[in-house]
Amino acid sequence: MTEKEILQQQESNGQTAFYLMAVGMFYHAYGNGAFALARATDYRVLPKHRKGGDILTCGFPMIKGL
């Protein structure tokens, strides 16, 4: 699933569920999901520059051994 697909899926469910995407050793949330994750974890929401415009994202590292 791409960032754009995740944002479309979140929009289609009325922003009631948010999705995480594994990116290397991190999980990322996008759009309103990024703000929900930031509120729960105190991580920052950052804009990522893409061809179609900026995408808001928030990420956290994977925990090994769980």
# chains A, B, ... in the order shown; residues from 1 in each chain; ligands from 1
$ select_by_dssp --residues "chain A" --states "helix (DSSP H, G or I)" --output "ChimeraX atom specification"
/A:3-12,32-41
$ residues_around --residues "segment 11-16 of chain A" --least-positions-apart "6" --cutoff "10 Å" --atoms "only C-alpha atoms" --output "ChimeraX atom specification"
/A:5,31-33
$ write_last_selection --atoms "all heavy atoms" --output "compact mmCIF listing (two decimals), in the first residue's frame"
# COMPACT_ATOMS: atom_id res chain seq x y z
N GLU A 5 -2.55 5.68 -1.19
CA GLU A 5 -3.61 4.70 -0.96
C GLU A 5 -4.06 4.71 0.50
O GLU A 5 -5.25 4.58 0.79
CB GLU A 5 -3.15 3.30 -1.37
CG GLU A 5 -2.97 3.15 -2.86
CD GLU A 5 -2.30 1.84 -3.24
OE1 GLU A 5 -1.56 1.27 -2.40
OE2 GLU A 5 -2.52 1.40 -4.37
N GLY A 31 -1.42 11.73 7.41
CA GLY A 31 -2.60 12.58 7.49
C GLY A 31 -3.12 12.70 8.92
O GLY A 31 -2.34 12.93 9.85
N ASN A 32 -4.43 12.54 9.09
CA ASN A 32 -5.02 12.63 10.43
C ASN A 32 -4.50 11.53 11.35
O ASN A 32 -4.43 11.71 12.56
CB ASN A 32 -6.54 12.58 10.35
CG ASN A 32 -7.12 13.84 9.76
OD1 ASN A 32 -6.48 14.89 9.75
ND2 ASN A 32 -8.34 13.76 9.25
N GLY A 33 -4.14 10.39 10.78
CA GLY A 33 -3.54 9.32 11.58
C GLY A 33 -2.23 9.74 12.21
O GLY A 33 -1.89 9.33 13.31
$ select_by_dssp --residues "chain A" --states "strand (DSSP E or B)" --output "short mmCIF file (atom, residue, chain, number, x, y, z; two decimals) with N, CA and C atoms, in the first residue's frame"
data_model
loop_
_atom_site.label_atom_id
_atom_site.label_comp_id
_atom_site.auth_asym_id
_atom_site.auth_seq_id
_atom_site.Cartn_x
_atom_site.Cartn_y
_atom_site.Cartn_z
N LEU A 20 -0.99 2.07 9.64
CA LEU A 20 0.45 2.23 9.75
C LEU A 20 1.12 1.50 8.60
N MET A 21 2.21 2.06 8.11
CA MET A 21 2.98 1.42 7.05
C MET A 21 4.40 1.22 7.55
N ALA A 22 4.93 0.01 7.36
CA ALA A 22 6.32 -0.26 7.72
C ALA A 22 7.23 0.35 6.68
N VAL A 23 8.16 1.19 7.13
CA VAL A 23 9.14 1.84 6.26
C VAL A 23 10.51 1.61 6.89
N PHE A 26 10.91 1.52 10.81
CA PHE A 26 9.93 2.40 11.43
C PHE A 26 8.52 2.09 10.94
N TYR A 27 7.55 2.47 11.72
CA TYR A 27 6.16 2.50 11.30
C TYR A 27 5.78 3.96 11.10
N HIS A 28 5.05 4.25 10.03
CA HIS A 28 4.61 5.61 9.74
C HIS A 28 3.10 5.66 9.67
N ALA A 29 2.53 6.76 10.17
CA ALA A 29 1.11 7.08 10.02
C ALA A 29 1.04 8.36 9.20
N TYR A 30 -0.07 8.53 8.46
CA TYR A 30 -0.18 9.66 7.54
C TYR A 30 -1.46 10.44 7.77
N LEU A 46 5.55 15.60 10.89
CA LEU A 46 6.44 16.30 9.96
C LEU A 46 5.90 16.22 8.54
N PRO A 47 6.08 17.27 7.75
CA PRO A 47 5.67 17.20 6.34
C PRO A 47 6.76 16.49 5.52
N LYS A 48 6.32 15.60 4.64
CA LYS A 48 7.22 14.96 3.67
C LYS A 48 6.88 15.53 2.31
N HIS A 49 7.86 16.01 1.59
CA HIS A 49 7.64 16.65 0.30
C HIS A 49 7.55 15.59 -0.80
N ARG A 50 6.43 15.58 -1.50
CA ARG A 50 6.20 14.65 -2.60
C ARG A 50 5.81 15.43 -3.84
N GLY A 53 2.45 17.08 -3.64
CA GLY A 53 2.29 17.99 -2.51
C GLY A 53 2.83 17.37 -1.24
N ASP A 54 2.77 18.12 -0.17
CA ASP A 54 3.27 17.64 1.12
C ASP A 54 2.31 16.64 1.74
N ILE A 55 2.88 15.62 2.40
CA ILE A 55 2.10 14.63 3.14
C ILE A 55 2.56 14.72 4.59
N LEU A 56 1.62 14.83 5.51
CA LEU A 56 1.96 14.86 6.94
C LEU A 56 2.17 13.45 7.43
N THR A 57 3.25 13.25 8.18
CA THR A 57 3.59 11.91 8.66
C THR A 57 4.12 11.96 10.08
N CYS A 58 3.96 10.86 10.77
CA CYS A 58 4.52 10.67 12.11
C CYS A 58 4.97 9.23 12.17
N GLY A 59 6.15 8.99 12.71
CA GLY A 59 6.68 7.63 12.74
C GLY A 59 7.33 7.30 14.07
N PHE A 60 7.47 5.99 14.28
CA PHE A 60 8.14 5.51 15.48
C PHE A 60 8.91 4.24 15.14
N PRO A 61 9.99 3.94 15.87
CA PRO A 61 10.80 2.77 15.55
C PRO A 61 10.12 1.46 15.94
#
$ atom_distance --atom1 "atom CA of Tyr19 of chain A" --atom2 "atom CA of Tyr43 of chain A"
16.4 Å
$ closest_residue --among "A:Ile63, A:Ala34, A:Asp42, A:Gly52" --to "Ala17 of chain A" --atoms "only C-alpha atoms"
A:Ala34
